[in-house]
file target11.txt (compact mmCIF, C-alpha atoms)
# COMPACT_ATOMS: atom_id res chain seq x y z
CA MET A 146 72.03 33.97 120.42
CA LEU A 147 68.88 32.36 121.78
CA ARG A 148 67.12 33.34 118.57
CA ASN A 149 69.76 31.70 116.42
CA THR A 150 69.63 28.53 118.50
CA LEU A 151 65.86 28.35 118.14
CA LEU A 152 66.15 28.90 114.40
CA ALA A 153 68.72 26.13 114.15
CA ILE A 154 66.46 23.79 116.13
CA VAL A 155 63.47 24.54 113.88
CA LEU A 156 65.44 24.06 110.68
CA VAL A 157 67.19 20.91 111.86
CA GLY A 158 63.84 19.50 113.02
CA MET A 159 62.31 20.20 109.63
CA ALA A 160 65.30 18.69 107.87
CA TYR A 161 64.94 15.56 110.02
CA MET A 162 61.23 15.22 109.15
CA PHE A 163 61.96 15.75 105.47
CA PHE A 164 64.76 13.19 105.60
CA ASN A 165 62.37 10.59 107.00
CA LEU A 166 59.84 11.43 104.30
CA TYR A 167 62.55 11.08 101.67
CA ASN A 168 63.70 7.75 103.05
CA THR A 169 60.24 6.19 103.07
CA TYR A 170 59.23 7.57 99.66
CA GLU A 171 58.80 5.08 96.86
CA SER A 172 57.96 6.09 93.31
CA ARG A 173 54.61 4.81 92.15
CA THR A 174 54.58 2.24 89.40
CA GLU A 175 51.06 2.76 88.07
CA LEU A 176 48.19 5.23 88.08
CA HIS A 177 45.20 4.79 90.38
CA GLY A 178 41.74 6.23 90.83
CA ILE A 179 40.91 9.53 89.24
CA ALA A 180 44.26 9.81 87.43
CA GLN A 181 43.58 6.47 85.75
CA HIS A 182 40.19 7.70 84.61
CA PHE A 183 41.70 10.91 83.20
CA ALA A 184 44.40 8.98 81.37
CA GLN A 185 41.99 6.42 79.95
CA ASP A 186 39.02 8.54 78.94
CA GLY A 187 40.39 12.10 78.99
CA ALA A 188 41.34 12.07 75.33
CA LYS A 189 37.95 10.67 74.34
CA GLU A 190 35.82 12.88 76.59
CA VAL A 191 37.61 16.19 76.17
CA GLY A 192 39.68 15.75 73.01
CA ALA A 193 42.74 17.63 74.29
CA ALA A 194 46.14 16.04 73.66
CA ASN A 195 47.57 17.75 76.74
CA LEU A 196 45.82 16.05 79.65
CA VAL A 197 46.91 18.72 82.12
CA THR A 198 45.04 21.30 80.04
CA ALA A 199 42.01 19.00 79.90
CA ILE A 200 41.99 18.84 83.71
CA VAL A 201 42.68 22.53 84.27
CA VAL A 202 40.13 23.89 81.79
CA THR A 203 37.37 21.28 81.71
CA TYR A 204 37.39 18.79 84.57
CA ARG A 205 38.44 21.43 87.09
CA GLY A 206 37.19 24.48 85.20
CA PHE A 207 35.85 26.06 88.36
CA ASP A 208 39.36 26.04 89.79
CA THR A 209 40.59 28.00 86.81
CA LEU A 210 37.78 30.52 87.18
CA GLY A 211 38.82 30.85 90.82
CA GLU A 212 42.44 31.33 89.82
CA VAL A 213 41.52 34.09 87.41
CA THR A 214 39.45 35.66 90.19
CA ILE A 215 42.44 35.49 92.56
CA LEU A 216 44.60 37.27 90.00
CA PHE A 217 41.91 39.90 89.55
CA LEU A 218 41.72 40.30 93.33
CA THR A 219 45.49 40.74 93.53
CA ALA A 220 45.40 43.40 90.83
CA SER A 221 42.53 45.18 92.61
CA ILE A 222 44.25 45.14 96.00
CA ILE A 223 47.45 46.47 94.45
CA ALA A 224 45.46 49.17 92.66
CA PHE A 225 43.86 50.11 95.98
CA PHE A 226 47.16 49.99 97.81
CA LEU A 227 49.28 51.96 95.37
CA LYS A 228 46.61 54.51 94.71
CA LEU A 229 47.51 56.76 91.80
CA ASN A 230 46.25 60.19 90.87
CA ASP A 231 46.50 62.01 87.56
CA GLU A 232 49.84 63.60 88.48
CA ASP A 233 51.38 60.18 88.90
CA PHE A 234 50.52 59.28 85.35
CA ASP A 235 52.07 62.40 83.86
CA LYS A 236 55.18 62.85 85.97
CA GLU A 237 58.59 62.26 84.50
CA ILE A 238 61.29 60.76 86.67
CA VAL A 239 64.91 61.23 85.70
CA HIS A 240 66.40 57.75 85.62
CA ARG A 241 69.88 56.63 84.84
CA ASP A 242 70.18 56.23 81.05
CA THR A 243 69.11 52.82 79.83
CA SER A 244 71.79 51.04 77.88
CA GLU A 245 71.76 51.23 74.11
CA LEU A 246 71.86 47.46 73.97
CA LEU A 247 68.64 47.08 75.99
CA VAL A 248 66.74 49.69 73.96
CA THR A 249 67.74 48.20 70.60
CA ALA A 250 67.20 44.61 71.69
CA SER A 251 63.78 45.43 73.13
CA LYS A 252 62.64 46.81 69.77
CA VAL A 253 63.56 43.53 68.09
CA LEU A 254 62.40 41.22 70.86
CA ILE A 255 59.08 42.65 72.05
CA PRO A 256 57.00 41.71 68.96
CA ILE A 257 58.55 38.23 68.98
CA ILE A 258 57.82 37.81 72.70
CA PHE A 259 54.19 38.84 72.18
CA MET A 260 53.85 36.44 69.25
CA PHE A 261 55.39 33.62 71.28
CA GLY A 262 52.98 34.30 74.13
CA VAL A 263 50.01 34.11 71.77
CA TYR A 264 51.41 30.89 70.29
CA VAL A 265 51.74 29.37 73.76
CA PHE A 266 48.16 30.04 74.78
CA ILE A 267 46.57 29.12 71.43
CA ASN A 268 48.40 25.77 71.46
CA GLY A 269 47.64 25.14 75.13
CA HIS A 270 45.68 21.96 74.38
CA LEU A 271 48.45 20.41 72.27
CA THR A 272 51.78 21.41 73.79
CA PRO A 273 53.00 22.20 77.31
CA GLY A 274 51.63 25.65 77.88
CA GLY A 275 48.34 27.44 78.15
CA GLY A 276 46.63 30.63 79.17
CA PHE A 277 48.53 31.41 82.35
CA GLN A 278 51.93 30.68 80.84
CA GLY A 279 51.16 32.59 77.64
CA GLY A 280 49.84 35.53 79.62
CA ALA A 281 52.97 35.57 81.75
CA ILE A 282 55.13 35.56 78.60
CA ILE A 283 53.19 38.52 77.20
CA ALA A 284 53.70 40.33 80.49
CA THR A 285 57.48 39.76 80.26
CA GLY A 286 57.31 41.66 76.97
CA VAL A 287 55.61 44.53 78.81
CA ALA A 288 58.23 44.33 81.56
CA LEU A 289 60.99 44.57 78.93
CA MET A 290 59.22 47.60 77.45
CA ILE A 291 59.19 49.32 80.85
CA MET A 292 62.84 48.42 81.47
CA ALA A 293 63.94 49.84 78.13
CA ASN A 294 61.95 53.03 78.52
CA PRO A 295 61.26 53.77 82.21
CA ASN A 296 59.01 56.76 81.50
CA ILE A 297 56.82 54.97 78.96
CA LYS A 298 53.09 55.63 79.25
CA LEU A 299 51.16 52.41 78.75
CA ASN A 300 47.62 52.96 77.56
CA TYR A 301 45.85 51.60 80.60
CA HIS A 302 42.41 52.02 79.01
CA VAL A 303 43.35 49.34 76.47
CA ILE A 304 44.68 47.10 79.26
CA HIS A 305 41.48 47.50 81.30
CA TRP A 306 39.27 46.82 78.30
CA VAL A 307 41.17 43.70 77.23
CA GLU A 308 41.02 42.45 80.80
CA SER A 309 37.30 43.08 81.31
CA VAL A 310 36.16 41.81 77.91
CA SER A 311 38.18 38.59 78.10
CA GLY A 312 37.06 37.95 81.69
CA VAL A 313 33.39 38.37 80.78
CA SER A 314 33.81 36.27 77.62
CA PHE A 315 35.34 33.45 79.69
CA VAL A 316 32.24 33.36 81.88
CA ILE A 317 29.92 33.63 78.84
CA VAL A 318 31.60 30.63 77.18
CA GLY A 319 31.12 28.81 80.48
CA LEU A 320 27.45 29.73 80.59
CA LEU A 321 26.98 28.64 76.96
CA GLY A 322 28.09 25.23 78.21
CA ILE A 323 24.98 25.06 80.38
CA ALA A 324 22.72 25.94 77.45
CA LEU A 325 24.34 23.89 74.68
CA ALA A 326 26.27 21.11 76.41
CA GLY A 327 26.54 19.19 79.65
CA GLY A 328 27.13 21.95 82.17
CA PHE A 329 29.08 25.02 83.24
CA LEU A 330 32.41 25.29 81.35
CA ASP A 331 31.74 22.12 79.35
CA ASN A 332 33.98 22.25 76.29
CA LYS A 333 31.58 20.51 73.90
CA VAL A 334 30.02 23.86 72.97
CA LEU A 335 32.06 23.60 69.78
CA GLY A 336 32.73 20.33 68.01
CA LEU A 337 35.59 18.25 69.37
CA GLY A 338 37.29 18.17 65.95
CA GLU A 339 40.12 15.90 64.92
CA PHE A 340 42.28 14.84 67.87
CA GLY A 341 45.69 16.52 67.96
CA THR A 342 45.00 19.39 65.55
CA LEU A 343 44.80 23.10 66.34
CA PHE A 344 41.01 23.27 65.95
CA SER A 345 40.18 20.49 68.34
CA ALA A 346 39.13 20.01 71.95
CA GLY A 347 35.99 22.12 71.58
CA ALA A 348 36.04 25.34 73.56
CA ILE A 349 39.40 24.79 75.27
CA PRO A 350 41.50 26.93 72.86
CA VAL A 351 38.84 29.67 73.05
CA ILE A 352 38.73 29.63 76.85
CA TYR A 353 42.51 29.48 77.12
CA SER A 354 42.90 32.41 74.71
CA PHE A 355 40.62 34.51 76.91
CA VAL A 356 42.51 33.38 80.01
CA GLY A 357 45.81 34.23 78.32
CA LEU A 358 44.66 37.70 77.31
CA LYS A 359 43.23 38.34 80.76
CA VAL A 360 46.34 37.17 82.61
CA GLY A 361 48.60 39.13 80.28
CA ALA A 362 46.54 42.28 80.73
CA GLU A 363 46.34 41.79 84.49
CA ILE A 364 50.08 41.34 85.02
CA SER A 365 50.76 44.30 82.68
CA ASN A 366 48.36 46.30 84.81
CA ILE A 367 50.25 45.36 87.99
CA LEU A 368 53.59 46.24 86.34
CA ASN A 369 52.12 49.55 85.21
CA LYS A 370 51.04 50.30 88.79
CA TYR A 371 54.50 49.49 90.12
CA GLN A 372 56.09 51.69 87.48
CA LYS A 373 53.80 54.66 88.02
CA SER A 374 53.93 54.63 91.80
CA GLN A 375 57.71 54.90 92.02
CA LYS A 376 58.92 58.11 93.55
CA GLU A 377 62.08 60.08 93.25
CA ILE A 378 64.32 59.65 96.26
CA MET B 294 71.12 2.65 91.97
CA ILE B 295 67.53 2.60 93.17
CA LEU B 296 67.83 5.72 95.37
CA PHE B 297 68.71 7.99 92.47
CA ASP B 298 65.78 7.71 90.09
CA LEU B 299 64.02 10.85 88.89
CA GLY B 300 61.34 10.73 91.57
CA HIS B 301 63.88 10.73 94.39
CA ILE B 302 66.04 13.42 92.81
CA SER B 303 63.13 15.82 92.30
CA LEU B 304 61.79 15.05 95.79
CA ALA B 305 65.19 15.85 97.29
CA ILE B 306 65.47 19.09 95.29
CA GLY B 307 61.99 20.14 96.41
CA LEU B 308 62.70 19.43 100.08
CA ILE B 309 66.06 21.25 99.97
CA LEU B 310 64.45 24.30 98.33
CA ILE B 311 61.74 24.33 101.02
CA LEU B 312 64.44 24.34 103.72
CA VAL B 313 66.41 27.10 101.96
CA GLY B 314 63.22 29.15 101.62
CA PHE B 315 62.38 28.78 105.31
CA TRP B 316 65.94 29.68 106.25
CA GLY B 317 65.70 32.81 104.12
CA ILE B 318 62.36 33.86 105.61
CA LEU B 319 63.54 33.32 109.18
CA THR B 320 67.02 34.81 109.05
CA GLN B 321 67.09 37.60 106.47
CA LYS B 322 66.68 41.22 107.55
CA ASN B 323 66.00 42.81 104.16
CA ILE B 324 62.37 42.71 103.05
CA ILE B 325 63.24 41.98 99.41
CA LYS B 326 65.36 39.02 100.53
CA ILE B 327 62.45 37.72 102.61
CA ILE B 328 60.23 37.92 99.51
CA VAL B 329 62.88 35.99 97.57
CA GLY B 330 62.75 33.41 100.37
CA PHE B 331 58.99 33.10 99.93
CA SER B 332 59.46 32.58 96.18
CA ILE B 333 62.03 29.84 96.78
CA LEU B 334 59.66 28.18 99.26
CA ASP B 335 56.88 28.31 96.66
CA THR B 336 59.11 26.75 94.03
CA GLY B 337 60.19 24.01 96.41
CA ILE B 338 56.62 23.10 97.28
CA ASN B 339 55.65 23.05 93.59
CA ILE B 340 58.54 20.71 92.73
CA LEU B 341 57.55 18.52 95.69
CA ILE B 342 53.93 18.20 94.51
CA VAL B 343 54.97 17.43 90.93
CA SER B 344 57.48 14.82 92.09
CA LEU B 345 54.76 13.09 94.14
CA GLY B 346 52.85 12.56 90.89
CA TYR B 347 55.82 10.90 89.25
CA VAL B 348 55.33 7.34 88.06
CA LYS B 349 58.47 5.36 87.43
CA GLY B 350 59.73 5.42 83.84
CA LYS B 351 56.68 7.22 82.44
CA THR B 352 56.57 10.33 80.28
CA ALA B 353 54.73 13.67 80.34
CA PRO B 354 50.89 13.51 80.14
CA ILE B 355 50.68 14.83 76.58
CA ILE B 356 49.23 12.27 74.22
CA ASP B 357 51.07 12.42 70.92
CA GLN B 358 51.90 9.71 68.43
CA ALA B 359 55.07 8.59 70.18
CA VAL B 360 53.20 8.06 73.45
CA GLN B 361 50.38 6.18 71.76
CA GLN B 362 52.70 3.84 69.87
CA GLY B 363 55.03 3.34 72.80
CA ALA B 364 52.16 2.39 75.07
CA ASP B 365 50.51 0.13 72.55
CA HIS B 366 47.45 2.44 72.45
CA ASN B 367 46.91 2.11 76.18
CA VAL B 368 47.85 5.56 77.45
CA VAL B 369 47.49 4.62 81.12
CA ASN B 370 50.75 2.69 80.92
CA ALA B 371 52.72 5.54 79.39
CA ILE B 372 52.15 8.76 81.35
CA VAL B 373 52.71 10.21 84.81
CA ASP B 374 49.89 11.47 87.01
CA PRO B 375 48.44 14.66 85.42
CA VAL B 376 46.43 15.76 88.49
CA PRO B 377 49.31 17.13 90.64
CA GLN B 378 50.61 19.05 87.64
CA ALA B 379 47.21 20.69 87.16
CA LEU B 380 47.10 21.57 90.86
CA VAL B 381 50.60 23.03 90.71
CA LEU B 382 49.40 25.36 87.96
CA THR B 383 46.93 26.76 90.48
CA ALA B 384 49.63 26.97 93.13
CA ILE B 385 51.95 28.90 90.80
CA VAL B 386 49.27 31.49 90.10
CA ILE B 387 48.57 31.93 93.80
CA GLY B 388 52.31 32.18 94.45
CA PHE B 389 52.48 34.91 91.85
CA GLY B 390 49.63 36.78 93.53
CA VAL B 391 51.28 36.54 96.94
CA THR B 392 54.62 37.75 95.57
CA ALA B 393 53.01 40.69 93.77
CA LEU B 394 51.15 41.74 96.93
CA MET B 395 54.28 41.45 99.06
CA LEU B 396 56.21 43.61 96.60
CA ALA B 397 53.45 46.24 96.75
CA TYR B 398 53.65 46.22 100.57
CA ALA B 399 57.45 46.48 100.37
CA MET B 400 57.09 49.52 98.14
CA LYS B 401 54.69 51.15 100.60
CA LEU B 402 56.97 50.36 103.55
CA PHE B 403 59.96 51.81 101.72
CA ASN B 404 58.04 54.98 100.95
CA ALA B 405 57.13 55.32 104.62
CA LYS B 406 60.60 54.88 106.15
CA LYS B 407 63.06 54.98 103.24
CA THR B 408 64.54 51.71 104.36
CA LEU B 409 63.91 48.01 103.77
CA GLU B 410 65.56 46.75 106.96
CA ILE B 411 62.85 44.87 108.82
CA THR B 412 64.41 45.67 112.22
CA LYS B 413 63.66 49.37 111.63
CA PHE B 414 59.91 48.68 111.52
CA ASN B 415 59.41 48.39 115.26
CA ASP B 416 56.47 50.71 115.81
CA LEU B 417 54.32 47.96 117.28
CA LYS B 418 57.11 46.51 119.41
CA TRP B 419 57.43 47.36 123.09
call {"tool": "encode", "arguments": {"input": "target11.txt", "output": "structure tokens"}}
result
Amino acid sequence: MLRNTLLAIVLVGMAYMFFNLYNTYESRTELHGIAQHFAQDGAKEVGAANLVTAIVVTYRGFDTLGEVTILFLTASIIAFFLKLNDEDFDKEIVHRDTSELLVTASKVLIPIIFMFGVYVFINGHLTPGGGFQGGAIIATGVALMIMANPNIKLNYHVIHWVESVSGVSFVIVGLLGIALAGGFLDNKVLGLGEFGTLFSAGAIPVIYSFVGLKVGAEISNILNKYQKSQKEI
Amino acid sequence: MILFDLGHISLAIGLILILVGFWGILTQKNIIKIIVGFSILDTGINILIVSLGYVKGKTAPIIDQAVQQGADHNVVNAIVDPVPQALVLTAIVIGFGVTALMLAYAMKLFNAKKTLEITKFNDLKW
């Protein structure tokens, strides 16, 4: 009873604070400071039509490297936590039969999902999307694969290789920026190209493709760990 | 009605989702439901940050022909703030990492006690 009362007090207090915040909030009418600079010169300096991508990959490229590192850390901790041995990879668990509908639909959908994921990260500098989103879409394809066939054996060597190679390539492209352009992760390593076309914005599509592959491989790796560490009850 | 523009609506949705998420974390007994609460809290905070970057009557920060013509070639007058959106991208990835870790812990806990009721995990309670 006391617990419930305290909970109610906490929640009502938060609701009251939020209500005050909501009441005093006024939408802005113009951009200021750094946002104004990005809006004015972003297209000229970086050449990406999608300003969010320009900020994520170039202006705040370090952040993105950190994000990728956090994902890698998550995958490593999960690998450490759900430690697997060789038996885990070979064991067969008797599941309830997957529905015919799911199996058939997955065969049709999985290639399309993969293709859509690749499309999303290659066009990250032109349309809403990018490496993380594309990688997540690719991983949904892997999740569908596991759902349709619960005892599937994913080739984790391929996953590890894709992950490692794309991670290292991301850093190498960043280092090339120091040698050939203005600094770490500068996108002027390649020419800026014509604004608004697929081959534009310098190294952004390249970097985002590596990020997409890495994120896709990493999430697939995590899903694979979850799948393999399940036990029969 | 001035109170019901997009900025206010998304702010209200974000704040409500934060409250729902906190309620879920504080009251639920099932570990999976607590994780769902965390996810809802994440989503609420993300919507809140994006809505703080909203500029009245402006469009998404993607410069295409429509934006350039509409703004008379001065993009500053046509788009919302792109910085919070870029930061939210970071926040989403971290939210994903946290959720994945919590699910791994939940799996371990279930393997240890064959239950997901959080009241059963009272080994450290006296």
call {"tool": "closest_residue", "arguments": {"input": "target11.txt", "among": "B:Val369, B:Ile340, B:Ala353, B:Val313", "to": "chain A", "atoms": "only C-alpha atoms"}}
result
B:Val369
call {"tool": "closest_residue", "arguments": {"input": "target11.txt", "among": "B:Ile311, B:Leu394, B:Ile306, B:Ala359", "to": "chain A", "atoms": "all atoms listed in the file"}}
result
B:Leu394
call {"tool": "closest_residue", "arguments": {"input": "target11.txt", "among": "B:Val373, B:Val343, B:Val329, B:Leu310", "to": "chain A", "atoms": "only C-alpha atoms"}}
result
B:Val373
call {"tool": "interface_residues", "arguments": {"input": "target11.txt", "of": "chain A", "to": "chain B", "cutoff": "6 Å", "atoms": "only C-alpha atoms", "output": "list in words"}}
result
Ser172, Arg173, Thr174, Ala180, Ala184, Gln185, Ala194, Asn195, Leu196, Val197, Val201 and Thr219 of chain A
call {"tool": "write_last_selection", "arguments": {"input": "target11.txt", "atoms": "C-alpha atoms", "output": "mmCIF file, in the frame of the given file"}}
result
data_model
loop_
_atom_site.group_PDB
_atom_site.id
_atom_site.type_symbol
_atom_site.label_atom_id
_atom_site.label_comp_id
_atom_site.auth_asym_id
_atom_site.auth_seq_id
_atom_site.Cartn_x
_atom_site.Cartn_y
_atom_site.Cartn_z
ATOM 1 C CA SER A 172 57.960 6.090 93.310
ATOM 2 C CA ARG A 173 54.610 4.810 92.150
ATOM 3 C CA THR A 174 54.580 2.240 89.400
ATOM 4 C CA ALA A 180 44.260 9.810 87.430
ATOM 5 C CA ALA A 184 44.400 8.980 81.370
ATOM 6 C CA GLN A 185 41.990 6.420 79.950
ATOM 7 C CA ALA A 194 46.140 16.040 73.660
ATOM 8 C CA ASN A 195 47.570 17.750 76.740
ATOM 9 C CA LEU A 196 45.820 16.050 79.650
ATOM 10 C CA VAL A 197 46.910 18.720 82.120
ATOM 11 C CA VAL A 201 42.680 22.530 84.270
ATOM 12 C CA THR A 219 45.490 40.740 93.530
#
call {"tool": "residues_around", "arguments": {"input": "target11.txt", "residues": "A:Asn268", "least_positions_apart": "5", "cutoff": "9 Å", "atoms": "all atoms listed in the file", "output": "count of residues only"}}
result
7
call {"tool": "axis_aligned_box", "arguments": {"input": "target11.txt", "around": "stretch 151-170 of chain A", "padding_each_side": "4 Å", "output": "AutoDock Vina command-line options"}}
result
--center_x 64.0 --center_y 17.5 --center_z 108.9 --size_x 17.5 --size_y 30.7 --size_z 26.5
call {"tool": "closest_residue", "arguments": {"input": "target11.txt", "among": "B:Leu417, B:Gly388, B:Val381, B:Thr412", "to": "B:Leu334", "atoms": "all atoms listed in the file"}}
result
B:Gly388
call {"tool": "residues_around", "arguments": {"input": "target11.txt", "residues": "A:Val313", "least_positions_apart": "4", "cutoff": "12 Å", "atoms": "all atoms listed in the file", "output": "JSON, numbers by chain"}}
result
{"A": [210, 213, 214, 306, 307, 308, 309, 317, 318, 319, 320, 352, 355, 356, 358, 359]}
call {"tool": "atom_distance", "arguments": {"input": "target11.txt", "atom1": "atom CA of B:Gly317", "atom2": "atom CA of A:Phe163"}}
result
17.5 Å
call {"tool": "atom_distance", "arguments": {"input": "target11.txt", "atom1": "atom CA of B:Gly314", "atom2": "atom CA of B:Phe331"}}
result
6.0 Å
call {"tool": "atom_distance", "arguments": {"input": "target11.txt", "atom1": "atom CA of A:Leu216", "atom2": "atom CA of A:Phe183"}}
result
27.4 Å
call {"tool": "residues_near_point", "arguments": {"input": "target11.txt", "point": "(31.6, 18.7, 76.1)", "cutoff": "6 Å", "atoms": "all atoms listed in the file", "output": "PyMOL selection string"}}
result
chain A and resi 326+331-333
call {"tool": "closest_residue", "arguments": {"input": "target11.txt", "among": "B:Ile318, B:Ile324, B:Val360, B:Ile338", "to": "B:Thr408", "atoms": "only C-alpha atoms"}}
result
B:Ile324
